[in-house]
Each structure stands twice: as structure tokens, then as C-alpha cells.
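For reference, model.cif (mmCIF, C-alpha atoms):
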```
data_coords
#
loop_
_atom_site.label_atom_id
_atom_site.label_comp_id
_atom_site.auth_asym_id
_atom_site.auth_seq_id
_atom_site.Cartn_x
_atom_site.Cartn_y
_atom_site.Cartn_z
CA MET N 1 15.38 -24.31 33.29
CA LYS N 2 16.71 -21.77 30.76
CA HIS N 3 13.83 -19.60 29.56
CA ALA N 4 11.41 -22.09 31.16
CA TRP N 5 8.78 -19.39 31.64
CA LYS N 6 8.84 -18.62 27.92
CA LEU N 7 7.63 -22.14 27.17
CA CYS N 8 4.47 -21.68 29.19
CA ALA N 9 1.12 -20.62 27.78
CA GLY N 10 -1.34 -18.39 29.60
CA ALA N 11 -0.87 -15.92 32.41
CA VAL N 12 -1.36 -18.45 35.24
CA ALA N 13 1.00 -20.96 33.66
CA ILE N 14 3.63 -18.29 33.02
CA ALA N 15 3.44 -17.11 36.63
CA SER N 16 3.78 -20.70 37.82
CA CYS N 17 6.79 -21.31 35.58
CA MET N 18 8.45 -18.12 36.79
CA SER N 19 8.00 -19.20 40.39
CA VAL N 20 9.53 -22.59 39.67
CA ALA N 21 12.45 -21.03 37.81
CA ALA N 22 13.05 -18.58 40.66
CA ALA N 23 12.87 -21.33 43.27
CA GLU N 24 15.51 -23.36 41.42
CA TYR N 25 17.69 -20.35 40.56
CA PRO N 26 20.59 -20.58 40.24
CA ASP N 27 20.99 -24.18 39.13
CA ARG N 28 24.16 -23.60 37.09
CA THR N 29 27.03 -21.15 36.69
CA VAL N 30 26.11 -17.46 36.47
CA ASN N 31 28.09 -15.25 34.08
CA TYR N 32 29.40 -12.06 35.69
CA ILE N 33 30.40 -9.49 33.08
CA ILE N 34 32.86 -6.83 34.19
CA PRO N 35 32.75 -3.94 31.66
CA PHE N 36 36.43 -3.15 32.30
CA GLY N 37 39.75 -4.94 32.09
CA PRO N 38 41.14 -7.12 34.90
CA GLY N 39 42.92 -5.74 37.95
CA GLY N 40 40.53 -2.93 38.92
CA GLU N 41 38.08 -2.55 41.78
CA SER N 42 35.24 -4.20 39.86
CA ASP N 43 37.46 -7.24 39.31
CA ILE N 44 38.76 -7.36 42.89
CA SER N 45 35.30 -7.16 44.46
CA ALA N 46 33.89 -9.73 42.00
CA ARG N 47 36.62 -12.19 42.98
CA LEU N 48 35.83 -11.64 46.63
CA GLN N 49 32.11 -12.13 45.95
CA GLU N 50 32.57 -15.37 43.98
CA PRO N 51 33.44 -17.77 46.85
CA VAL N 52 30.62 -16.40 49.00
CA PHE N 53 28.17 -16.74 46.09
CA GLN N 54 29.31 -20.36 45.73
CA LYS N 55 28.94 -20.98 49.46
CA LEU N 56 25.38 -19.60 49.48
CA THR N 57 24.13 -21.13 46.23
CA GLY N 58 26.35 -24.07 45.37
CA GLN N 59 26.98 -22.47 41.98
CA ARG N 60 29.91 -20.53 40.57
CA LEU N 61 30.29 -17.05 39.11
CA ALA N 62 32.14 -17.02 35.78
CA ILE N 63 33.88 -13.64 35.72
CA GLN N 64 34.37 -12.20 32.24
CA TYR N 65 36.04 -8.94 31.13
CA LYS N 66 34.59 -6.89 28.29
CA PRO N 67 36.24 -3.45 28.38
CA GLY N 68 35.39 -0.63 26.01
CA GLY N 69 34.18 2.94 26.15
CA GLY N 70 34.64 3.19 29.91
CA GLY N 71 31.95 0.51 30.31
CA ALA N 72 29.59 1.96 27.70
CA VAL N 73 30.13 -0.88 25.21
CA VAL N 74 28.57 -3.40 27.60
CA TRP N 75 25.95 -1.08 29.11
CA SER N 76 24.65 -0.10 25.68
CA GLN N 77 24.04 -3.77 24.89
CA MET N 78 22.93 -5.13 28.26
CA ASN N 79 19.19 -5.06 27.60
CA ARG N 80 19.78 -7.31 24.60
CA LEU N 81 21.64 -9.90 26.66
CA THR N 82 20.16 -13.16 27.93
CA ASP N 83 17.47 -12.30 30.46
CA ASP N 84 17.19 -15.52 32.47
CA GLY N 85 19.30 -14.29 35.38
CA TYR N 86 22.39 -16.19 34.30
CA THR N 87 24.08 -13.06 32.96
CA MET N 88 24.67 -10.23 35.41
CA ILE N 89 26.63 -7.08 34.70
CA GLY N 90 28.82 -4.86 36.85
CA THR N 91 27.60 -1.25 36.91
CA ASN N 92 29.28 1.92 38.15
CA LEU N 93 28.60 5.46 39.32
CA PRO N 94 29.20 8.15 38.22
CA HIS N 95 29.85 6.44 34.86
CA ILE N 96 26.24 5.57 34.01
CA VAL N 97 25.08 9.11 34.81
CA LEU N 98 27.88 11.16 33.27
CA GLN N 99 28.41 9.20 30.05
CA PRO N 100 24.92 9.75 28.57
CA LEU N 101 24.98 13.41 29.65
CA GLN N 102 28.07 14.14 27.60
CA LYS N 103 27.30 12.31 24.36
CA ASP N 104 25.35 9.50 22.72
CA VAL N 105 26.78 6.30 24.17
CA GLY N 106 23.94 3.99 23.16
CA TYR N 107 22.08 4.06 26.46
CA GLN N 108 20.45 6.38 28.98
CA THR N 109 20.92 6.17 32.74
CA ASP N 110 17.40 4.83 33.24
CA ASP N 111 18.13 1.99 30.80
CA ILE N 112 20.51 0.47 33.36
CA ASN N 113 18.58 -1.86 35.63
CA THR N 114 20.82 -1.86 38.71
CA ILE N 115 19.37 -4.16 41.34
CA PHE N 116 21.95 -3.62 44.09
CA TRP N 117 24.78 -1.19 44.94
CA PHE N 118 27.22 -2.99 47.21
CA HIS N 119 30.24 -0.73 47.83
CA VAL N 120 31.87 2.65 47.32
CA THR N 121 35.57 3.47 46.94
CA PRO N 122 36.82 6.95 47.95
CA ASP N 123 38.98 8.86 45.46
CA ALA N 124 42.71 9.18 46.13
CA LEU N 125 45.44 11.18 44.41
CA LEU N 126 48.60 9.10 44.02
CA VAL N 127 52.13 9.53 42.67
CA PRO N 128 54.93 6.98 42.11
CA ALA N 129 57.02 6.36 45.21
CA ASP N 130 60.07 7.90 43.52
CA SER N 131 58.20 11.03 42.42
CA PRO N 132 59.75 14.38 43.41
CA ILE N 133 56.23 15.44 44.44
CA LYS N 134 55.96 14.76 48.17
CA SER N 135 52.70 16.51 49.09
CA LEU N 136 49.44 17.91 47.75
CA LYS N 137 50.93 21.39 48.04
CA GLU N 138 53.85 20.41 45.80
CA TYR N 139 51.47 18.79 43.30
CA ILE N 140 49.51 22.04 43.03
CA GLU N 141 52.68 24.10 42.71
CA ALA N 142 53.97 21.87 39.88
CA ALA N 143 50.63 22.05 38.05
CA LYS N 144 50.55 25.87 38.33
CA LYS N 145 54.12 26.23 37.14
CA THR N 146 53.36 24.68 33.74
CA PRO N 147 49.58 24.48 33.11
CA GLY N 148 48.56 21.30 31.30
CA ALA N 149 51.98 19.66 31.58
CA THR N 150 51.09 17.57 34.63
CA THR N 151 49.57 14.31 33.39
CA VAL N 152 47.26 12.15 35.49
CA SER N 153 45.91 8.68 34.81
CA GLY N 154 42.40 7.50 35.60
CA SER N 155 39.95 4.72 34.94
CA GLY N 156 37.97 5.80 31.88
CA THR N 157 36.34 8.97 30.66
CA ASN N 158 33.49 10.37 32.78
CA SER N 159 34.39 8.01 35.61
CA ALA N 160 34.76 8.88 39.29
CA ASN N 161 38.47 9.42 38.62
CA HIS N 162 37.72 11.85 35.80
CA LEU N 163 35.15 13.69 37.90
CA ALA N 164 37.61 14.00 40.79
CA GLN N 165 40.27 15.42 38.46
CA GLN N 166 37.83 17.94 37.01
CA ARG N 167 36.55 18.98 40.43
CA PHE N 168 39.96 19.33 42.04
CA ASP N 169 41.49 21.24 39.12
CA LYS N 170 38.70 23.78 39.51
CA MET N 171 39.03 23.96 43.30
CA ALA N 172 42.80 24.39 43.21
CA GLY N 173 42.87 26.70 40.18
CA ILE N 174 45.11 24.38 38.18
CA LYS N 175 45.06 22.70 34.78
CA THR N 176 46.20 19.08 34.44
CA THR N 177 45.89 16.64 31.55
CA TYR N 178 43.70 13.61 32.26
CA ILE N 179 44.62 10.39 30.43
CA PRO N 180 41.87 7.75 30.60
CA PHE N 181 42.62 4.02 30.66
CA SER N 182 40.27 1.06 30.24
CA GLY N 183 40.09 0.11 33.88
CA THR N 184 41.99 0.75 37.09
CA GLY N 185 44.49 -2.02 36.37
CA LYS N 186 45.90 -0.26 33.31
CA ALA N 187 45.72 3.14 35.02
CA ASN N 188 47.79 1.69 37.87
CA MET N 189 50.42 0.38 35.46
CA ALA N 190 50.71 3.88 34.01
CA ILE N 191 51.54 5.23 37.46
CA LEU N 192 54.04 2.48 38.25
CA GLY N 193 55.65 2.81 34.83
CA ASN N 194 56.02 6.58 35.24
CA GLN N 195 53.96 7.09 32.09
CA VAL N 196 52.11 9.85 33.98
CA ASN N 197 53.06 12.27 36.74
CA ALA N 198 50.22 11.19 39.02
CA GLY N 199 47.09 9.11 39.11
CA TRP N 200 43.54 9.58 40.28
CA GLY N 201 42.73 6.27 41.88
CA TYR N 202 41.00 5.08 45.02
CA THR N 203 41.85 4.04 48.55
CA THR N 204 41.76 0.49 47.16
CA VAL N 205 44.61 1.32 44.76
CA LYS N 206 46.83 2.54 47.60
CA MET N 207 46.04 -0.63 49.55
CA GLN N 208 46.87 -2.73 46.50
CA LEU N 209 50.07 -0.96 45.43
CA GLY N 210 51.37 -0.23 48.92
CA ASP N 211 54.79 1.40 49.08
CA GLN N 212 55.05 1.57 45.30
CA VAL N 213 52.98 4.76 45.39
CA ARG N 214 52.64 7.81 47.64
CA CYS N 215 49.18 8.96 48.65
CA LEU N 216 48.89 12.74 48.48
CA ALA N 217 45.26 12.93 49.67
CA VAL N 218 41.99 11.00 49.93
CA ALA N 219 38.50 12.36 49.22
CA MET N 220 36.99 11.48 52.59
CA GLU N 221 35.58 13.33 55.56
CA GLU N 222 38.21 11.70 57.77
CA ARG N 223 41.33 9.65 57.10
CA HIS N 224 40.79 6.04 56.06
CA PRO N 225 41.35 3.76 59.10
CA LYS N 226 43.53 1.44 57.01
CA LEU N 227 45.52 4.36 55.54
CA PRO N 228 46.26 6.70 58.44
CA GLU N 229 49.26 8.19 56.59
CA CYS N 230 47.03 9.57 53.79
CA PRO N 231 45.70 13.06 54.61
CA THR N 232 42.29 14.16 53.41
CA PHE N 233 41.82 16.94 50.87
CA LYS N 234 39.85 18.75 53.56
CA GLU N 235 42.99 18.96 55.70
CA SER N 236 44.48 21.16 52.97
CA GLY N 237 41.34 23.27 52.68
CA TYR N 238 39.69 21.55 49.68
CA ASP N 239 36.15 20.22 50.17
CA LEU N 240 36.64 17.19 47.92
CA VAL N 241 34.70 14.12 49.07
CA GLY N 242 33.60 11.41 46.66
CA GLY N 243 34.36 8.18 44.90
CA ALA N 244 32.96 5.37 42.78
CA TYR N 245 29.90 3.24 43.50
CA ARG N 246 29.70 -0.31 42.18
CA GLY N 247 26.71 -2.57 41.78
CA ILE N 248 25.04 -5.33 39.80
CA ALA N 249 22.58 -4.90 36.92
CA LEU N 250 20.36 -7.27 34.94
CA PRO N 251 18.58 -6.87 31.61
CA LYS N 252 15.27 -5.11 32.23
CA SER N 253 13.26 -8.03 30.84
CA THR N 254 14.63 -10.44 33.43
CA PRO N 255 11.57 -11.86 35.27
CA ALA N 256 10.86 -10.14 38.57
CA PRO N 257 11.13 -13.35 40.67
CA ILE N 258 14.64 -13.95 39.31
CA GLN N 259 15.64 -10.34 39.98
CA GLU N 260 14.35 -10.64 43.54
CA LYS N 261 16.18 -13.93 44.13
CA LEU N 262 19.51 -12.59 42.87
CA THR N 263 19.11 -9.38 44.88
CA LYS N 264 18.57 -11.44 48.03
CA ILE N 265 21.72 -13.46 47.28
CA LEU N 266 23.75 -10.27 46.80
CA GLN N 267 22.37 -8.81 50.02
CA ASP N 268 23.35 -12.00 51.86
CA ILE N 269 26.86 -11.81 50.40
CA ASN N 270 27.17 -8.29 51.80
CA LYS N 271 26.22 -9.60 55.26
CA ASP N 272 28.97 -12.24 55.31
CA PRO N 273 31.48 -11.24 58.06
CA ASP N 274 34.52 -12.68 56.27
CA PHE N 275 33.53 -10.94 53.04
CA ILE N 276 33.07 -7.60 54.83
CA ALA N 277 36.47 -7.94 56.51
CA LYS N 278 38.22 -8.72 53.22
CA MET N 279 36.49 -5.85 51.44
CA GLU N 280 37.46 -3.36 54.13
CA ASP N 281 41.03 -4.70 54.24
CA ASN N 282 41.22 -3.93 50.52
CA GLY N 283 40.08 -0.35 51.07
CA PHE N 284 36.41 -0.71 50.09
CA SER N 285 33.56 0.89 52.01
CA MET N 286 30.43 -1.27 52.22
CA LEU N 287 27.08 -0.12 50.83
CA ASN N 288 23.63 -1.73 50.79
CA ILE N 289 21.26 -0.09 48.32
CA GLY N 290 18.56 -2.53 47.23
CA PRO N 291 15.13 -2.24 45.54
CA LYS N 292 13.51 -0.42 48.47
CA GLU N 293 16.15 2.33 48.59
CA MET N 294 16.95 2.39 44.86
CA PRO N 295 14.41 4.97 43.54
CA ALA N 296 15.29 7.68 46.05
CA PHE N 297 19.00 6.94 45.80
CA MET N 298 19.07 7.14 42.00
CA THR N 299 16.97 10.32 41.97
CA GLU N 300 19.41 12.02 44.32
CA ILE N 301 22.52 10.70 42.56
CA LYS N 302 21.33 11.78 39.09
CA GLN N 303 20.61 15.28 40.38
CA ARG N 304 24.01 15.50 42.12
CA TYR N 305 26.08 14.35 39.16
CA GLY N 306 23.94 16.23 36.67
CA GLU N 307 24.63 19.51 38.48
CA LEU N 308 28.35 18.75 38.69
CA ALA N 309 28.48 17.91 34.99
CA LYS N 310 26.92 21.27 34.09
CA GLN N 311 29.26 23.17 36.39
CA MET N 312 32.28 21.56 34.75
CA GLY N 313 31.08 21.83 31.19
CA ILE N 314 31.14 18.09 30.52
CA THR N 315 27.49 17.81 29.59
CA LYS N 316 25.72 18.31 26.27
CA LYS N 317 22.47 19.22 28.08
#
```

Can the structure from this file be put into C-alpha cells for me?
Amino acid sequence: MKHAWKLCAGAVAIASCMSVAAAEYPDRTVNYIIPFGPGGESDISARLQEPVFQKLTGQRLAIQYKPGGGGAVVWSQMNRLTDDGYTMIGTNLPHIVLQPLQKDVGYQTDDINTIFWFHVTPDALLVPADSPIKSLKEYIEAAKKTPGATTVSGSGTNSANHLAQQRFDKMAGIKTTYIPFSGTGKANMAILGNQVNAGWGYTTVKMQLGDQVRCLAVAMEERHPKLPECPTFKESGYDLVGGAYRGIALPKSTPAPIQEKLTKILQDINKDPDFIAKMEDNGFSMLNIGPKEMPAFMTEIKQRYGELAKQMGITKK
């Protein structure tokens, strides 16, 4: 049924074809483009989504990795991709808000047609297990002793990791050097390989790496139930709460019936008890932002990140 609606003539016929295409969708494998390398949160959640997608639809998700520019390479091209619903793209916050604010990355935030936000991962500051830094206090002391010498890894420029580093440096009155990597997987390897002194990751990274890393603090209101040994930044007097949001986007020209059908499938995946349990066991926090909630959510999120970007001098506007 690929592009079936485009073979129809006349408004009534086109509407009829769209309805047929939506009713049969998906009738083959759907490509799932992750705009980062393998091993990160986008990859992990996609692999947990795939079997549930197959259970609900009878079709598979073909997960593909296309890293570059912290996701910008894919997002700048997404509205030129196939628009029949068989190519969906992972999307992230704060990436898609901060990137266009800083420089020309080939797209604007409103160009990204996110149809569903399905989880959030809280920020976490991590060090290798053999690091001499044992606490957040010691991390701050080391950073103050030699400004700029403390190196920290993170997933991309203008990502949630980068924003957390910028925010905390300002709160703590320190200066660290942020080293961006193309995805959480590579950022994790930098921590494990002692290529950096510390890493801005997520609760999911601590769950994944276990005893190989030490969690200095998590950016949550309260400690993560799966990570009771990780104190919050608030416990040390720093009001740092935040993380990364992940969702699914489609090219804007994708017919509305197809967008609605895929959104419903994604919403049903997020309701699956086994999926929820696996996501939470991996350190994710579930989220359900669909078409009804999307306008208000995006308005608020753009304002929030826009103000933070100006405060930290990472915006051109």
C-alpha cells in the first residue's frame, strides 16, 4: 500500500485511499531511525518497544542508527524522508529546542513533528568505580582546585547531559570541561575507560553499568526507587532536577490517519505491563504525551529551555 493515497484522484478518492491505508497500517516492517549510536537510552527503549510493537501489530521494527551532530543530521532531513508511516524517527528533549537556539542546524524546533513522548530519564553524575572522588562534595572540591581541568563526558552538544553540566557548574561555582560524544554508549565507554574524570549520564546509565561506576547524585526530587544509594542533588543543597525526554516523530507530510494509527500503537505499547516493568527496571520513568497534550507541553518546554539557554549563554537569540 506504499503511497497508495498518492495514486488516487480527487478529494473523496484520496480520503478513501488514506482510510484504507490507515486501516491496513502497518502491513510490513517499519523503519525506526535512532539519530544516535547504539547502546544509549534511545537504543535501549527502542529494543524494549520492538517486541511489544510486533505483538500488537504482527510487524517488526527495523532499528537503524544514524548518529551525527547530536541528532541534528537526521532531524534536519526528516521532513524529506518517506512519509508513508514506515519511517519513524526518535526525537529528544532538550536537544530539539537547544540546538536551533544556538546555531543553524538545518531545522527549527517546530519542524520536528513529534507525535508521542513516551519516557524521561533523570540526569545523574557518575564517576568510575575506582575514582578517588567519593562524593559530590569531593567532585566540587576537585573542580574548584583546578578550574577547567575536570573533564566530563556526555551525550552530544546541547543535550540534557550538556544542559545539566552547564546548570550545575553555575550552581556550584565551578568550571568543568564538557566532552560530547555521539550517544550515551560512547559517553559510557569514556567513563569506563577513564578517558574523563566523570560523566553526566542518567539513572539508566547507573542501572546499566552497575558497580562499574559510582553515582554521586541524581537530578530528582527524591531518590530513585531502584537506586536508593544515589543521593539527590537537593540533598546537598543544589536545586537540580531534570533529564532527557524521548519520543517518536514522523515527517510532517505523513497523512493524518497514519499518524493517528501509529500514535495509538505507541500509546498501547506504553500501557503494556511487562513493557512498563522492564522500562522502570532499566531506570526509565514513563511518560504519555500524545496529540491532545502536545501543544501545551511543547509551549511550556520551549519556554523553559529557552530561558535556561539565555541564562547560560548558549543561545544566539

- Message: For the PyMOL selection byres ((chain N and resi 177-189) around 7), applied here, can you spell out every residue it catches as a PyMOL selection string?
- Response: chain N and resi 36-41+67-68+70+148-157+175-176+190-193

- Message: Using all atoms listed in the file, which protein or nucleic acid residues come within 9 Å of region 294-305 of chain N? Drop anything in the same chain fewer than 4 positions from it, and give the result as number ranges by chain.
- Response: N: 93-94, 97-98, 109, 114-117, 289-290, 309-310

Next, the residues of the selection above should be written as a tab-separated table (two decimals), in the coordinates of the input with C-alpha atoms.
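Result written to selection-v9.tsv:
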```tsv
chain	number	residue	atom	x	y	z
N	93	LEU	CA	28.60	5.46	39.32
N	94	PRO	CA	29.20	8.15	38.22
N	97	VAL	CA	25.08	9.11	34.81
N	98	LEU	CA	27.88	11.16	33.27
N	109	THR	CA	20.92	6.17	32.74
N	114	THR	CA	20.82	-1.86	38.71
N	115	ILE	CA	19.37	-4.16	41.34
N	116	PHE	CA	21.95	-3.62	44.09
N	117	TRP	CA	24.78	-1.19	44.94
N	289	ILE	CA	21.26	-0.09	48.32
N	290	GLY	CA	18.56	-2.53	47.23
N	309	ALA	CA	28.48	17.91	34.99
N	310	LYS	CA	26.92	21.27	34.09
```

- Exactly which residues make up the result of the PyMOL selection byres ((chain N and resi 34) around 12) on this file, given as number ranges by chain? N: 31-33, 35-47, 61-68, 70-75, 78, 87-92, 182-183, 246-249

- Query: So what does the PyMOL selection byres ((chain N and resi 226) around 10) actually pick up in this one, as a PyMOL selection string?
  - Reply: chain N and resi 203+207+223-225+227-230+280-283

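Coordinates place CA of Ile258 (chain N) at a distance of 6.1 Å from CA of Gly85 (chain N).
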